[in-house]
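The block underneath contains the structure these notes are about, expressed in structure tokens.
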Amino acid sequence: FVNPQILSLAGMPANDVAIATALAAAVATLIMGVFANYPFALAPGMGLNAYFTFGVVKGMGVDWQIALVAVFIEGLLFMALAMTGVRTKLINAIPHCIKIATMTGIGLFLAIIGFQGAKLTVDHPATLVTLGDLHDPAVLLALAGIVLTAALVVKQVKGAILIGIVSLTLIAWFSGLSPMPESIVAMPSLPEETFMALDFSQIFNATLITVVIAFLFVDIFDTAGTLLGVGRLGGFLNKKGELPGADKAFMADATGTTAGSLLGTSTVTTYIESATGIEEGGRTGLTAVVVAALFLLALFFTPLFVAVPALATAPALIVVGAMMMSAAKEMDWNKLEDGVPAFLTIIAMPFTYSIAHGITLGVISYVLIHTFAGKVRDIHPLMVILAVALIAYHAFI
């Protein structure tokens with residue numbers, strides 16, 4: 001229900017987007033499970049949908065039908081990079097310290113999303129953020145949810161995170177802190193205005209090309225960061241810190257993006273909330289297949305799921321974020337040529353609200369620091385090319 005809310009601000013019909021969201025997520029996640037055999041789930045990315053609405057449609061004045069073309073083309077380019085193995089080589093070239101930092105940074109990113117959902121963090125005109133109202137019963141309930149979820153995890157109760165979400169949802173409903181669903185089941189309708197609504201009339205326009213490049217860059221590093229982060233959490237990375245069969249995982253991502261654009265939604269990507277499923281024991285593609293089936297089933301229970309309040313899901317994100325911090329202990333923080341880039345990667349993710357921006361700062365700083373410190377031999381040639389490309393991207397986009 002969040003994705004339709006954001007894309008509706010771009011002028012897209014929310015009901016159509018809701019259906020497109022579930023269908024695109026189901027297709028991409030099913031491919032991930034069957035083809036790549038990983039327990040990763042996919043759905044339209046939250047940062048990417050914000051860029052679609054506020055950066056492209058509202059910021060550049062591009063119609064949403066044209067913006068969907070940019071998403072479609074980006075998905076095809078994504079497929080080409082995955083099939084040729086370029087994306088895997090690129091990610092394997094990323095140094096170990098940045099990979100460790102990525103998992104830790106994603107943990108903080110999950111935490112700030114959770115803090116916002118629980119209203120523990122609110123905006124402030126002078127300091128950007130500040131502590132929420134601790135007299136608010138909803139905030140107190142979310143705090144209690146963190147304690148409950150963490151305690152259940154510590155006691156190794158199966159389904160601990162789900163139990164926490166359901167418990168808080170029921171309390172919020174019956175206490176009046178959140179409205180109860182008006183109905184439980186509703187028959188979904190097919191997308192009417194967004195399905196195959198792409199407008200190719202501006203395909204050679206310079207602005208559209210710029211948008212395609214922007215989507216591609218952000219998607220590459222957002223997906224790479226998520227795969228490395230949740231892959232490490234699940235113990236899927238090899239001794240070199242590489243994800244075996246990454247090309248197949250990237251193909252699921254690219255296919256989901258292409259299908260999503262045809263249905264009527266922004267870029268589909270592997271999402272960081274997959275970490276919750278992995279923490280509950282998900283280790284194979286069967287997990288993803290089940291998630292895909294539930295995405296389809298969710299179409300019939302939209303009124304119920306929309307009624308689940310953010311305060312109920314926020315504690316789960318915060319607890320999982322805490323779990324992902326364990327990677328930080330593997331860093332040699334005294335080795336500053338690695339420590340500083342790793343720190344920038346970690347801290348930039350929550351502060352810029354972007355996994356991609358965190359990796360970008362980490363990659364560029366790693367290359368520059370090692371170069372000026374006289375340790376050029378430690379830099380993989382692809383890292384240099386990547387750093388130059390990222391600098392050019394941010395300079396001209």
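Note on naming: chains are A, B, ... as they come in the structure tokens, residues start from 1 per chain, ligands start from 1 in the order shown.
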Residues of stretch 226-307 of chain A that approach stretch 154-164 of chain A to 10 Å or less, counting only C-alpha atoms: could you list each one with the shortest pair of atoms and its distance in Å to one decimal, rows by chain and increasing residue number, as a tab-separated table?
residue	atom	partner	partner_atom	distance
A:Thr276	CA	A:Ile161	CA	7.4
A:Gly277	CA	A:Ile161	CA	9.1
A:Glu279	CA	A:Ile161	CA	9.0
A:Glu280	CA	A:Gly159	CA	6.4
A:Gly281	CA	A:Lys158	CA	9.0
I'd like a table as CSV: residues in stretch 304-364 of chain A with an atom no more than 9 Å from stretch 384-388 of chain A, each row giving the shortest atom pair and its distance in Å to one decimal, only C-alpha atoms counted, sorted by chain and rising residue number.
residue,atom,partner,partner_atom,distance
A:Thr360,CA,A:Ala387,CA,7.8
A:Val363,CA,A:Ala387,CA,6.1
A:Ile364,CA,A:Ala387,CA,5.0
Could you turn the residues from that selection into a file that holds N, CA, C and O atoms, as a PDB file, in the first residue's frame?
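Output contents, as saved in selection-v2.pdb:
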ATOM      1  N   THR A 360      28.175   4.158  -3.306  1.00  0.00           N
ATOM      2  CA  THR A 360      28.871   5.126  -4.158  1.00  0.00           C
ATOM      3  C   THR A 360      29.967   5.851  -3.377  1.00  0.00           C
ATOM      4  O   THR A 360      31.113   5.952  -3.837  1.00  0.00           O
ATOM      5  N   VAL A 363      32.847   3.349  -2.583  1.00  0.00           N
ATOM      6  CA  VAL A 363      33.689   3.005  -3.734  1.00  0.00           C
ATOM      7  C   VAL A 363      34.622   4.153  -4.100  1.00  0.00           C
ATOM      8  O   VAL A 363      35.840   3.961  -4.271  1.00  0.00           O
ATOM      9  N   ILE A 364      34.082   5.360  -4.216  1.00  0.00           N
ATOM     10  CA  ILE A 364      34.894   6.513  -4.616  1.00  0.00           C
ATOM     11  C   ILE A 364      35.964   6.816  -3.569  1.00  0.00           C
ATOM     12  O   ILE A 364      37.138   7.038  -3.902  1.00  0.00           O
TER      13      ILE A 364
END
Practice task
List every residue of stretch 10-84 of chain A that DSSP, applied to the backbone, labels as alpha helix (DSSP H), and write the result as a ChimeraX atom specification.
Solution key: /A:14-31,46-50,58-60,64-83
Practice task
Can you pull out every residue within 8 Å of A:Ala41, counting only C-alpha atoms, but drop anything in the same chain fewer than 4 positions away, and send it as a list in words?
Solution key: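 The filter keeps Ala25, Ala28, Thr29, Met32, Thr270, Tyr271, Ser274, Ala288, Val291 and Ala292 of chain A.
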Contacts of stretch 43-50 of chain A at 6 Å (only C-alpha atoms; same-chain gap of 2+ positions) as a compact mmCIF listing (two decimals) with N, CA, C and O atoms, in the first residue's frame:
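Once everything was written out, this is part_9.txt:
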# COMPACT_ATOMS: atom_id res chain seq x y z
N ALA A 25 5.76 -8.03 -8.26
CA ALA A 25 6.51 -8.64 -7.16
C ALA A 25 6.42 -10.16 -7.22
O ALA A 25 7.41 -10.88 -7.01
N PHE A 52 11.13 8.23 -9.08
CA PHE A 52 10.18 8.20 -10.19
C PHE A 52 9.18 9.35 -10.07
O PHE A 52 8.94 10.10 -11.03
N THR A 53 8.61 9.50 -8.87
CA THR A 53 7.57 10.51 -8.66
C THR A 53 8.12 11.93 -8.53
O THR A 53 7.70 12.84 -9.26
N PHE A 54 9.06 12.10 -7.58
CA PHE A 54 9.51 13.45 -7.26
C PHE A 54 10.68 13.93 -8.12
O PHE A 54 10.80 15.12 -8.40
N SER A 266 7.00 1.32 -10.84
CA SER A 266 8.40 1.70 -10.98
C SER A 266 9.32 0.50 -10.77
O SER A 266 8.85 -0.63 -10.57
N THR A 267 10.62 0.74 -10.79
CA THR A 267 11.65 -0.30 -10.78
C THR A 267 11.47 -1.33 -9.65
O THR A 267 11.32 -0.97 -8.49
N VAL A 268 11.51 -2.61 -10.03
CA VAL A 268 11.42 -3.72 -9.08
C VAL A 268 12.83 -4.13 -8.68
O VAL A 268 13.72 -4.24 -9.52
N THR A 269 13.04 -4.34 -7.39
CA THR A 269 14.38 -4.70 -6.91
C THR A 269 14.27 -5.66 -5.73
O THR A 269 13.23 -5.76 -5.08
Exercise for the section: Please provide the set of residues having any atom within 8 Å of stretch 308-319 of chain A, restricted to only C-alpha atoms, with same-chain residues fewer than 4 positions apart removed, written as a ChimeraX atom specification. Expected result: /A:110-119,138-139,141-143,145-146,149-150,161,164-169,172,178,273,276,304,323
Exercise for the section: Identify, on the basis of only C-alpha atoms, every residue whose closest approach to A:Ala82 does not exceed 7 Å; exclude the query and any residue fewer than 6 positions from it along the same chain; express the result as a list in words. Expected result: Asp247, Phe250 and Met251 of chain A
Exercise for the section: Name the residues of stretch 89-227 of chain A that fall into strand (DSSP E) according to DSSP on the backbone, using the chain letters and numbers of this document, as a PyMOL selection string. Expected result: chain A and resi 121-124+128-131
Those same residues, written as a PDB file, in the first residue's frame with C-alpha atoms?
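Contents of part_31.pdb, as written:
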ATOM      1  CA  THR A 121      12.153   9.639  14.989  1.00  0.00           C
ATOM      2  CA  VAL A 122      10.359  12.689  13.632  1.00  0.00           C
ATOM      3  CA  ASP A 123      11.476  15.631  11.536  1.00  0.00           C
ATOM      4  CA  HIS A 124      12.667  18.887  13.092  1.00  0.00           C
ATOM      5  CA  LEU A 128      16.472  17.573  10.761  1.00  0.00           C
ATOM      6  CA  VAL A 129      15.432  14.787  13.147  1.00  0.00           C
ATOM      7  CA  THR A 130      14.536  14.511  16.806  1.00  0.00           C
ATOM      8  CA  LEU A 131      12.925  12.144  19.308  1.00  0.00           C
TER       9      LEU A 131
END
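Residues lying within 12 Å of A:Gly61, counting only C-alpha atoms and ignoring same-chain neighbours fewer than 5 positions away, are Ala10, Gly11, Phe52, Thr53, Phe54, Gly55, Val56, Ile66, Ala67, Thr207, Leu208 and Val211 of chain A.
Between atom CA of A:Ile379 and atom CA of A:Asn238 lies a distance of 20.4 Å.
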Exercise for the section: Would you mind reading off the distance between atom CA of A:Val69 and atom CA of A:Leu216, one decimal, in Å? Expected result: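 These two atoms are separated by 12.8 Å.
With only C-alpha atoms as the atoms that count, the minimum distance from A:Glu192 to the choices A:Pro39, A:Gly264, A:Pro244, A:Gly285 is reached by A:Gly264.
Counting only C-alpha atoms, the residue from A:Ile359, A:Ala259, A:Ile369, A:Ala392 that sits nearest to A:Lys335 is A:Ile369.
The interatomic distance for the pair atom CA of A:Ile19 and atom CA of A:Ser354 works out to 25.7 Å.
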Problem - Using only C-alpha atoms: which of A:Gly260, A:Gly241, A:Pro188, A:Gly59 has the shortest distance to A:Phe72 - result: A:Gly260
Handout entry: Counting only C-alpha atoms, the residue of A:Thr371, A:Thr104, A:Thr210, A:Ser175 that sits nearest A:Glu330
Key = A:Thr104
